[in-house]
file protein.json (JSON, C-alpha atoms)
[["chain", "number", "residue", "atom", "x", "y", "z"],
["A", 1, "ASP", "CA", 12.38, 13.78, -6.71],
["A", 2, "ALA", "CA", 8.75, 14.83, -6.51],
["A", 3, "GLY", "CA", 7.53, 11.36, -5.69],
["A", 4, "VAL", "CA", 4.47, 9.77, -7.26],
["A", 5, "ILE", "CA", 2.14, 12.47, -8.56],
["A", 6, "GLN", "CA", -1.60, 11.97, -8.77],
["A", 7, "SER", "CA", -4.26, 14.23, -10.14],
["A", 8, "PRO", "CA", -6.77, 15.41, -9.33],
["A", 9, "ARG", "CA", -6.49, 15.21, -5.56],
["A", 10, "HIS", "CA", -10.24, 15.46, -5.16],
["A", 11, "GLU", "CA", -12.99, 14.69, -7.64],
["A", 12, "VAL", "CA", -16.71, 15.07, -7.15],
["A", 13, "THR", "CA", -18.93, 13.89, -9.95],
["A", 14, "GLU", "CA", -22.43, 12.71, -10.62],
["A", 15, "MET", "CA", -23.49, 9.17, -11.24],
["A", 16, "GLY", "CA", -23.11, 8.21, -14.88],
["A", 17, "GLN", "CA", -20.26, 10.59, -15.62],
["A", 18, "GLU", "CA", -16.85, 9.51, -16.84],
["A", 19, "VAL", "CA", -13.99, 9.91, -14.40],
["A", 20, "THR", "CA", -10.29, 9.84, -15.29],
["A", 21, "LEU", "CA", -7.61, 9.61, -12.64],
["A", 22, "ARG", "CA", -4.00, 10.29, -13.54],
["A", 23, "CYS", "CA", -0.68, 9.12, -12.20],
["A", 24, "LYS", "CA", 2.93, 10.01, -12.88],
["A", 25, "PRO", "CA", 5.30, 7.44, -11.35],
["A", 26, "ILE", "CA", 8.74, 8.20, -9.99],
["A", 27, "SER", "CA", 11.24, 8.58, -12.81],
["A", 28, "GLY", "CA", 13.11, 5.33, -13.42],
["A", 29, "HIS", "CA", 10.45, 3.15, -11.84],
["A", 30, "ASN", "CA", 9.01, 0.53, -14.17],
["A", 31, "SER", "CA", 6.26, -1.03, -12.07],
["A", 32, "LEU", "CA", 3.04, 0.86, -11.46],
["A", 33, "PHE", "CA", 0.12, -0.11, -9.25],
["A", 34, "TRP", "CA", -3.42, 1.20, -8.84],
["A", 35, "TYR", "CA", -5.10, 0.61, -5.46],
["A", 36, "ARG", "CA", -8.51, 1.56, -4.11],
["A", 37, "GLN", "CA", -9.26, 2.15, -0.44],
["A", 38, "THR", "CA", -12.65, 2.17, 1.24],
["A", 39, "MET", "CA", -13.73, 1.79, 4.85],
["A", 40, "MET", "CA", -15.51, -1.45, 4.08],
["A", 41, "ARG", "CA", -12.89, -3.20, 1.94],
["A", 42, "GLY", "CA", -9.65, -1.57, 3.03],
["A", 43, "LEU", "CA", -6.79, -1.17, 0.58],
["A", 44, "GLU", "CA", -7.13, -3.41, -2.46],
["A", 45, "LEU", "CA", -5.13, -3.73, -5.65],
["A", 46, "LEU", "CA", -6.94, -3.00, -8.88],
["A", 47, "ILE", "CA", -4.25, -3.51, -11.51],
["A", 48, "TYR", "CA", -0.50, -3.34, -11.96],
["A", 49, "PHE", "CA", 1.87, -2.81, -14.86],
["A", 50, "ASN", "CA", 5.46, -3.88, -15.47],
["A", 51, "ASN", "CA", 7.27, -1.95, -18.21],
["A", 52, "ASN", "CA", 3.96, -0.39, -19.27],
["A", 53, "VAL", "CA", 2.35, -3.82, -19.77],
["A", 54, "PRO", "CA", -0.66, -4.81, -17.63],
["A", 55, "ILE", "CA", 0.29, -7.89, -15.64],
["A", 56, "ASP", "CA", -2.64, -8.50, -13.33],
["A", 57, "ASP", "CA", -6.00, -6.80, -13.65],
["A", 58, "SER", "CA", -7.96, -9.34, -11.64],
["A", 59, "GLY", "CA", -8.77, -6.68, -9.07],
["A", 60, "MET", "CA", -10.56, -4.42, -11.53],
["A", 61, "PRO", "CA", -14.16, -4.58, -10.30],
["A", 62, "GLU", "CA", -15.94, -4.65, -13.63],
["A", 63, "ASP", "CA", -15.88, -3.48, -17.21],
["A", 64, "ARG", "CA", -16.63, 0.06, -16.17],
["A", 65, "PHE", "CA", -13.04, 0.32, -15.00],
["A", 66, "SER", "CA", -10.11, 0.54, -17.40],
["A", 67, "ALA", "CA", -6.46, 1.45, -16.98],
["A", 68, "LYS", "CA", -3.78, 2.39, -19.44],
["A", 69, "MET", "CA", -0.08, 3.11, -19.34],
["A", 70, "PRO", "CA", 0.89, 4.59, -22.70],
["A", 71, "ASN", "CA", 4.45, 5.31, -21.58],
["A", 72, "ALA", "CA", 6.76, 4.94, -18.62],
["A", 73, "SER", "CA", 5.81, 8.28, -17.12],
["A", 74, "PHE", "CA", 2.02, 8.27, -17.23],
["A", 75, "SER", "CA", -0.95, 6.10, -16.38],
["A", 76, "THR", "CA", -4.69, 6.64, -16.24],
["A", 77, "LEU", "CA", -7.53, 4.89, -14.47],
["A", 78, "LYS", "CA", -10.90, 5.52, -16.06],
["A", 79, "ILE", "CA", -14.36, 4.78, -14.72],
["A", 80, "GLN", "CA", -17.21, 4.99, -17.21],
["A", 81, "PRO", "CA", -19.97, 5.27, -16.18],
["A", 82, "SER", "CA", -19.29, 6.08, -12.54],
["A", 83, "GLU", "CA", -21.55, 4.89, -9.72],
["A", 84, "PRO", "CA", -21.88, 5.99, -6.08],
["A", 85, "ARG", "CA", -20.25, 2.74, -4.91],
["A", 86, "ASP", "CA", -17.07, 3.79, -6.73],
["A", 87, "SER", "CA", -16.55, 6.49, -4.12],
["A", 88, "ALA", "CA", -13.18, 5.79, -2.55],
["A", 89, "VAL", "CA", -9.59, 6.99, -2.35],
["A", 90, "TYR", "CA", -7.57, 5.76, -5.30],
["A", 91, "PHE", "CA", -3.83, 5.39, -4.83],
["A", 92, "CYS", "CA", -1.14, 4.98, -7.42],
["A", 93, "ALA", "CA", 2.20, 3.46, -6.45],
["A", 94, "SER", "CA", 5.43, 2.75, -8.29],
["A", 95, "SER", "CA", 8.53, 0.69, -7.75],
["A", 96, "THR", "CA", 11.59, -0.54, -9.58],
["A", 97, "LEU", "CA", 11.71, -3.83, -11.41],
["A", 98, "SER", "CA", 14.66, -5.37, -9.64],
["A", 99, "SER", "CA", 15.47, -8.53, -7.83],
["A", 100, "GLY", "CA", 15.22, -8.50, -4.10],
["A", 101, "TYR", "CA", 12.81, -6.40, -2.18],
["A", 102, "ASN", "CA", 10.89, -3.73, -4.00],
["A", 103, "GLU", "CA", 9.63, -0.88, -1.90],
["A", 104, "GLN", "CA", 6.50, 0.64, -3.29],
["A", 105, "PHE", "CA", 6.19, 4.40, -3.20],
["A", 106, "PHE", "CA", 2.63, 5.63, -2.94],
["A", 107, "GLY", "CA", 1.15, 8.84, -4.21],
["A", 108, "PRO", "CA", -1.10, 11.09, -2.13],
["A", 109, "GLY", "CA", -4.24, 9.56, -3.58],
["A", 110, "THR", "CA", -7.33, 10.87, -5.35],
["A", 111, "ARG", "CA", -10.47, 11.11, -3.26],
["A", 112, "LEU", "CA", -13.41, 10.34, -5.55],
["A", 113, "THR", "CA", -16.98, 11.09, -4.58],
["A", 114, "VAL", "CA", -19.75, 9.97, -6.91],
["A", 115, "LEU", "CA", -23.11, 11.51, -6.09],
["B", 1, "ASP", "CA", 1.46, -15.28, 0.05],
["B", 2, "ALA", "CA", 1.16, -16.19, 3.72],
["B", 3, "LYS", "CA", -1.63, -14.57, 5.73],
["B", 4, "THR", "CA", -0.91, -12.36, 8.69],
["B", 5, "THR", "CA", -2.76, -11.62, 11.91],
["B", 6, "GLN", "CA", -2.42, -8.32, 13.74],
["B", 7, "PRO", "CA", -4.27, -6.74, 16.67],
["B", 8, "THR", "CA", -6.93, -4.31, 15.54],
["B", 9, "SER", "CA", -5.67, -1.46, 17.66],
["B", 10, "MET", "CA", -3.04, -0.48, 20.22],
["B", 11, "ASP", "CA", -2.21, 2.53, 22.35],
["B", 12, "CYS", "CA", 1.23, 3.77, 23.28],
["B", 13, "ALA", "CA", 2.41, 6.64, 25.45],
["B", 14, "GLU", "CA", 4.44, 9.31, 23.73],
["B", 15, "GLY", "CA", 8.17, 8.73, 24.21],
["B", 16, "ARG", "CA", 7.76, 5.06, 25.01],
["B", 17, "ALA", "CA", 8.55, 2.15, 22.73],
["B", 18, "ALA", "CA", 5.69, 0.88, 20.59],
["B", 19, "ASN", "CA", 5.79, -2.86, 19.98],
["B", 20, "LEU", "CA", 3.49, -4.05, 17.21],
["B", 21, "PRO", "CA", 3.11, -7.82, 16.86],
["B", 22, "CYS", "CA", 2.33, -9.82, 13.76],
["B", 23, "ASN", "CA", 1.63, -13.52, 13.42],
["B", 24, "HIS", "CA", 2.47, -15.28, 10.17],
["B", 25, "SER", "CA", 2.48, -18.94, 11.14],
["B", 26, "THR", "CA", 2.17, -20.20, 7.53],
["B", 27, "ILE", "CA", 5.14, -18.25, 6.23],
["B", 28, "SER", "CA", 7.34, -20.14, 3.78],
["B", 29, "GLY", "CA", 11.10, -20.06, 3.50],
["B", 30, "ASN", "CA", 11.29, -17.57, 0.65],
["B", 31, "GLU", "CA", 8.80, -15.07, 2.02],
["B", 32, "TYR", "CA", 9.86, -11.75, 3.46],
["B", 33, "VAL", "CA", 8.14, -9.77, 6.22],
["B", 34, "TYR", "CA", 7.35, -6.18, 5.23],
["B", 35, "TRP", "CA", 5.94, -3.37, 7.32],
["B", 36, "TYR", "CA", 4.15, -0.35, 5.93],
["B", 37, "ARG", "CA", 2.22, 2.35, 7.69],
["B", 38, "GLN", "CA", -0.51, 4.73, 6.62],
["B", 39, "ILE", "CA", -0.92, 8.04, 8.33],
["B", 40, "HIS", "CA", -4.41, 9.47, 8.05],
["B", 41, "SER", "CA", -5.29, 10.66, 4.54],
["B", 42, "GLN", "CA", -1.88, 9.74, 3.13],
["B", 43, "GLY", "CA", -0.64, 6.87, 1.00],
["B", 44, "PRO", "CA", 1.06, 3.92, 2.71],
["B", 45, "GLN", "CA", 4.72, 4.36, 3.53],
["B", 46, "TYR", "CA", 7.40, 1.67, 3.64],
["B", 47, "ILE", "CA", 9.01, 1.16, 7.05],
["B", 48, "ILE", "CA", 11.21, -1.91, 7.05],
["B", 49, "HIS", "CA", 11.47, -5.49, 5.84],
["B", 50, "GLY", "CA", 13.36, -8.67, 6.75],
["B", 51, "LEU", "CA", 13.78, -12.34, 5.95],
["B", 52, "LYS", "CA", 15.40, -14.08, 8.91],
["B", 53, "ASN", "CA", 17.60, -11.68, 10.79],
["B", 54, "ASN", "CA", 16.53, -8.77, 12.90],
["B", 55, "GLU", "CA", 16.70, -5.49, 11.05],
["B", 56, "THR", "CA", 17.03, -1.86, 12.11],
["B", 57, "ASN", "CA", 16.82, 1.40, 10.23],
["B", 58, "GLU", "CA", 16.25, 5.02, 11.09],
["B", 59, "MET", "CA", 12.52, 4.46, 11.52],
["B", 60, "ALA", "CA", 12.18, 1.19, 13.37],
["B", 61, "SER", "CA", 13.47, -2.24, 14.32],
["B", 62, "LEU", "CA", 12.08, -5.55, 13.13],
["B", 63, "ILE", "CA", 12.41, -8.60, 15.33],
["B", 64, "ILE", "CA", 11.64, -11.94, 13.66],
["B", 65, "THR", "CA", 11.36, -15.07, 15.78],
["B", 66, "GLU", "CA", 13.70, -17.94, 15.05],
["B", 67, "ASP", "CA", 10.91, -20.07, 13.59],
["B", 68, "ARG", "CA", 9.78, -17.00, 11.56],
["B", 69, "LYS", "CA", 6.17, -17.55, 12.56],
["B", 70, "SER", "CA", 5.85, -14.13, 14.13],
["B", 71, "SER", "CA", 7.53, -10.76, 14.21],
["B", 72, "THR", "CA", 7.44, -7.48, 16.10],
["B", 73, "LEU", "CA", 7.87, -3.99, 14.77],
["B", 74, "ILE", "CA", 9.43, -1.68, 17.33],
["B", 75, "LEU", "CA", 9.23, 2.09, 17.25],
["B", 76, "PRO", "CA", 11.79, 2.93, 19.93],
["B", 77, "HIS", "CA", 10.50, 6.35, 20.96],
["B", 78, "ALA", "CA", 6.99, 6.84, 19.66],
["B", 79, "THR", "CA", 5.83, 10.35, 18.85],
["B", 80, "LEU", "CA", 2.38, 11.72, 18.11],
["B", 81, "ARG", "CA", 3.30, 11.65, 14.41],
["B", 82, "ASP", "CA", 3.62, 7.88, 14.59],
["B", 83, "THR", "CA", -0.14, 7.57, 15.03],
["B", 84, "ALA", "CA", -1.14, 5.53, 12.00],
["B", 85, "VAL", "CA", -2.34, 2.17, 10.72],
["B", 86, "TYR", "CA", 0.53, -0.31, 10.54],
["B", 87, "TYR", "CA", 0.42, -3.13, 8.03],
["B", 88, "CYS", "CA", 2.40, -6.35, 8.30],
["B", 89, "ILE", "CA", 2.71, -8.09, 4.93],
["B", 90, "VAL", "CA", 4.35, -11.37, 4.08],
["B", 91, "ARG", "CA", 5.26, -12.06, 0.48],
["B", 92, "VAL", "CA", 7.80, -13.53, -1.84],
["B", 93, "SER", "CA", 10.20, -10.86, -2.97],
["B", 94, "ASN", "CA", 9.57, -11.24, -6.68],
["B", 95, "TYR", "CA", 9.93, -8.02, -8.51],
["B", 96, "GLY", "CA", 6.97, -6.17, -9.85],
["B", 97, "GLN", "CA", 4.34, -7.84, -7.77],
["B", 98, "ASN", "CA", 1.75, -6.28, -5.57],
["B", 99, "PHE", "CA", 1.41, -6.17, -1.82],
["B", 100, "VAL", "CA", -1.77, -7.51, -0.22],
["B", 101, "PHE", "CA", -2.77, -5.19, 2.59],
["B", 102, "GLY", "CA", -4.84, -6.55, 5.47],
["B", 103, "PRO", "CA", -6.70, -4.40, 8.00],
["B", 104, "GLY", "CA", -3.50, -3.64, 9.94],
["B", 105, "THR", "CA", -3.11, -2.31, 13.49],
["B", 106, "ARG", "CA", -4.31, 1.16, 14.33],
["B", 107, "LEU", "CA", -1.66, 2.63, 16.66],
["B", 108, "SER", "CA", -2.61, 5.62, 18.72],
["B", 109, "VAL", "CA", 0.25, 7.47, 20.39],
["B", 110, "LEU", "CA", -1.11, 9.32, 23.38],
["B", 111, "PRO", "CA", 0.39, 12.47, 24.92]]
call {"tool": "encode", "arguments": {"input": "protein.json", "output": "structure tokens"}}
result
Amino acid sequence: DAGVIQSPRHEVTEMGQEVTLRCKPISGHNSLFWYRQTMMRGLELLIYFNNNVPIDDSGMPEDRFSAKMPNASFSTLKIQPSEPRDSAVYFCASSTLSSGYNEQFFGPGTRLTVL
Amino acid sequence: DAKTTQPTSMDCAEGRAANLPCNHSTISGNEYVYWYRQIHSQGPQYIIHGLKNNETNEMASLIITEDRKSSTLILPHATLRDTAVYYCIVRVSNYGQNFVFGPGTRLSVLP
């Protein structure tokens, strides 16, 4: 298995531009999580989906951020318009929806720089 | 979910055991202890988890005190590749829920 796939790995953009981050979860996993990591705030959850349905988006900073999961194998995180304070590493993770413990598998992350 | 307290940083000599403590004094009966680590520039990686009993896998051992108010992650023979930030997380094991990551412990394995 290729693991969680994220693209792009690096993104540099200018303030005001739209940014779209992409994630392909591990096949068979039906929970998907978007995290953001910065030096100041550490690793924080933005939103997560179960069976393609958003369950908790309380971590989404503001209306500029939106996330979709149109099917079980693809999710996007969009920032429009982007701002310099959005610069961070964005991680996608997936896990199975099963009772008991659920190990989350993280992707390699997308390093976003907004100038 | 119960809060956890970990030392900010620790050093360990290569080849020696690394013992990483975690306090979770407000843990409730149905909460598990999870450990993840994050090697520089990579996504977090699951290490081990437990409820009451001590656990061991190919990566590490987890020792949970009898009152479950603290635990220790043990890397038996630390290598330079074990240098990472280690996160102790306590949460109910309901499916499809997120993990809340604190600042963790930065472990430096020294040659």
call {"tool": "residues_around", "arguments": {"input": "protein.json", "residues": "segment 56-66 of chain B", "least_positions_apart": "6", "cutoff": "7 Å", "atoms": "only C-alpha atoms", "output": "MDAnalysis selection string"}}
result
chainID B and resid 47 72:76
call {"tool": "interface_residues", "arguments": {"input": "protein.json", "of": "chain A", "to": "chain B", "cutoff": "8 Å", "atoms": "only C-alpha atoms", "output": "short mmCIF file (atom, residue, chain, number, x, y, z; two decimals) with C-alpha atoms, keeping the file's coordinate frame"}}
result
data_model
loop_
_atom_site.label_atom_id
_atom_site.label_comp_id
_atom_site.auth_asym_id
_atom_site.auth_seq_id
_atom_site.Cartn_x
_atom_site.Cartn_y
_atom_site.Cartn_z
CA SER A 31 6.26 -1.03 -12.07
CA PHE A 33 0.12 -0.11 -9.25
CA GLY A 42 -9.65 -1.57 3.03
CA LEU A 43 -6.79 -1.17 0.58
CA GLU A 44 -7.13 -3.41 -2.46
CA LEU A 45 -5.13 -3.73 -5.65
CA TYR A 48 -0.50 -3.34 -11.96
CA PHE A 49 1.87 -2.81 -14.86
CA ASN A 50 5.46 -3.88 -15.47
CA PHE A 91 -3.83 5.39 -4.83
CA SER A 95 8.53 0.69 -7.75
CA THR A 96 11.59 -0.54 -9.58
CA LEU A 97 11.71 -3.83 -11.41
CA SER A 98 14.66 -5.37 -9.64
CA SER A 99 15.47 -8.53 -7.83
CA GLY A 100 15.22 -8.50 -4.10
CA TYR A 101 12.81 -6.40 -2.18
CA ASN A 102 10.89 -3.73 -4.00
CA GLU A 103 9.63 -0.88 -1.90
CA GLN A 104 6.50 0.64 -3.29
CA PHE A 105 6.19 4.40 -3.20
CA PHE A 106 2.63 5.63 -2.94
CA GLY A 107 1.15 8.84 -4.21
CA PRO A 108 -1.10 11.09 -2.13
CA GLY A 109 -4.24 9.56 -3.58
#
call {"tool": "atom_distance", "arguments": {"input": "protein.json", "atom1": "atom CA of Cys23 of chain A", "atom2": "atom CA of Ala2 of chain A"}}
result
12.4 Å
call {"tool": "residues_near_point", "arguments": {"input": "protein.json", "point": "(-0.9, 8.2, -15.6)", "cutoff": "8 Å", "atoms": "only C-alpha atoms", "output": "PDB file with C-alpha atoms, in the coordinates of the input"}}
result
ATOM      1  CA  GLN A   6      -1.600  11.970  -8.770  1.00  0.00           C
ATOM      2  CA  LEU A  21      -7.610   9.610 -12.640  1.00  0.00           C
ATOM      3  CA  ARG A  22      -4.000  10.290 -13.540  1.00  0.00           C
ATOM      4  CA  CYS A  23      -0.680   9.120 -12.200  1.00  0.00           C
ATOM      5  CA  LYS A  24       2.930  10.010 -12.880  1.00  0.00           C
ATOM      6  CA  PRO A  25       5.300   7.440 -11.350  1.00  0.00           C
ATOM      7  CA  LYS A  68      -3.780   2.390 -19.440  1.00  0.00           C
ATOM      8  CA  MET A  69      -0.080   3.110 -19.340  1.00  0.00           C
ATOM      9  CA  SER A  73       5.810   8.280 -17.120  1.00  0.00           C
ATOM     10  CA  PHE A  74       2.020   8.270 -17.230  1.00  0.00           C
ATOM     11  CA  SER A  75      -0.950   6.100 -16.380  1.00  0.00           C
ATOM     12  CA  THR A  76      -4.690   6.640 -16.240  1.00  0.00           C
ATOM     13  CA  LEU A  77      -7.530   4.890 -14.470  1.00  0.00           C
TER      14      LEU A  77
END
call {"tool": "axis_aligned_box", "arguments": {"input": "protein.json", "around": "segment 11-15 of chain A", "padding_each_side": "6 Å", "output": "lines of an AutoDock Vina configuration file"}}
result
center_x = -18.2
center_y = 12.1
center_z = -9.2
size_x = 22.5
size_y = 17.9
size_z = 16.1
call {"tool": "residues_around", "arguments": {"input": "protein.json", "residues": "Ala18 of chain B", "least_positions_apart": "3", "cutoff": "12 Å", "atoms": "all atoms listed in the file", "output": "number ranges by chain"}}
result
B: 9-15, 21, 59-62, 72-80, 82-84, 86, 105-110
call {"tool": "closest_residue", "arguments": {"input": "protein.json", "among": "A:Asn71, A:Thr38, A:Ser27, A:Gln80", "to": "Arg111 of chain A", "atoms": "all atoms listed in the file"}}
result
A:Thr38
call {"tool": "atom_distance", "arguments": {"input": "protein.json", "atom1": "atom CA of Pro8 of chain A", "atom2": "atom CA of Thr110 of chain A"}}
result
6.1 Å
call {"tool": "atom_distance", "arguments": {"input": "protein.json", "atom1": "atom CA of Gly16 of chain A", "atom2": "atom CA of Asp57 of chain A"}}
result
22.8 Å
call {"tool": "build_atoms", "arguments": {"input": "protein.json", "residues": "segment 28-40 of chain B", "atoms": "N, CA, C and O atoms", "output": "JSON list (two decimals), in the frame of the given file"}}
result
[["chain", "number", "residue", "atom", "x", "y", "z"],
["B", 28, "SER", "N", 6.44, -19.17, 4.41],
["B", 28, "SER", "CA", 7.34, -20.14, 3.78],
["B", 28, "SER", "C", 8.75, -19.55, 3.72],
["B", 28, "SER", "O", 8.96, -18.36, 3.95],
["B", 29, "GLY", "N", 9.70, -20.43, 3.38],
["B", 29, "GLY", "CA", 11.10, -20.06, 3.50],
["B", 29, "GLY", "C", 11.55, -18.89, 2.64],
["B", 29, "GLY", "O", 12.52, -18.21, 2.98],
["B", 30, "ASN", "N", 10.86, -18.64, 1.55],
["B", 30, "ASN", "CA", 11.29, -17.57, 0.65],
["B", 30, "ASN", "C", 10.44, -16.31, 0.78],
["B", 30, "ASN", "O", 10.48, -15.44, -0.09],
["B", 31, "GLU", "N", 9.66, -16.24, 1.83],
["B", 31, "GLU", "CA", 8.80, -15.07, 2.02],
["B", 31, "GLU", "C", 9.42, -14.09, 3.01],
["B", 31, "GLU", "O", 9.91, -14.47, 4.06],
["B", 32, "TYR", "N", 9.36, -12.83, 2.63],
["B", 32, "TYR", "CA", 9.86, -11.75, 3.46],
["B", 32, "TYR", "C", 8.72, -11.18, 4.32],
["B", 32, "TYR", "O", 7.54, -11.27, 3.95],
["B", 33, "VAL", "N", 9.09, -10.52, 5.39],
["B", 33, "VAL", "CA", 8.14, -9.77, 6.22],
["B", 33, "VAL", "C", 8.36, -8.29, 5.94],
["B", 33, "VAL", "O", 9.47, -7.78, 6.09],
["B", 34, "TYR", "N", 7.30, -7.62, 5.51],
["B", 34, "TYR", "CA", 7.35, -6.18, 5.23],
["B", 34, "TYR", "C", 6.43, -5.45, 6.22],
["B", 34, "TYR", "O", 5.39, -5.96, 6.61],
["B", 35, "TRP", "N", 6.82, -4.24, 6.54],
["B", 35, "TRP", "CA", 5.94, -3.37, 7.32],
["B", 35, "TRP", "C", 5.78, -2.05, 6.58],
["B", 35, "TRP", "O", 6.76, -1.45, 6.14],
["B", 36, "TYR", "N", 4.53, -1.65, 6.46],
["B", 36, "TYR", "CA", 4.15, -0.35, 5.93],
["B", 36, "TYR", "C", 3.28, 0.35, 6.96],
["B", 36, "TYR", "O", 2.69, -0.31, 7.82],
["B", 37, "ARG", "N", 3.17, 1.65, 6.86],
["B", 37, "ARG", "CA", 2.22, 2.35, 7.69],
["B", 37, "ARG", "C", 1.49, 3.39, 6.85],
["B", 37, "ARG", "O", 1.98, 3.84, 5.82],
["B", 38, "GLN", "N", 0.30, 3.75, 7.32],
["B", 38, "GLN", "CA", -0.51, 4.73, 6.62],
["B", 38, "GLN", "C", -1.01, 5.75, 7.64],
["B", 38, "GLN", "O", -1.84, 5.43, 8.49],
["B", 39, "ILE", "N", -0.46, 6.93, 7.52],
["B", 39, "ILE", "CA", -0.92, 8.04, 8.33],
["B", 39, "ILE", "C", -2.19, 8.58, 7.69],
["B", 39, "ILE", "O", -2.32, 8.60, 6.47],
["B", 40, "HIS", "N", -3.09, 9.05, 8.52],
["B", 40, "HIS", "CA", -4.41, 9.47, 8.05],
["B", 40, "HIS", "C", -4.35, 10.33, 6.79],
["B", 40, "HIS", "O", -3.59, 11.29, 6.72]]
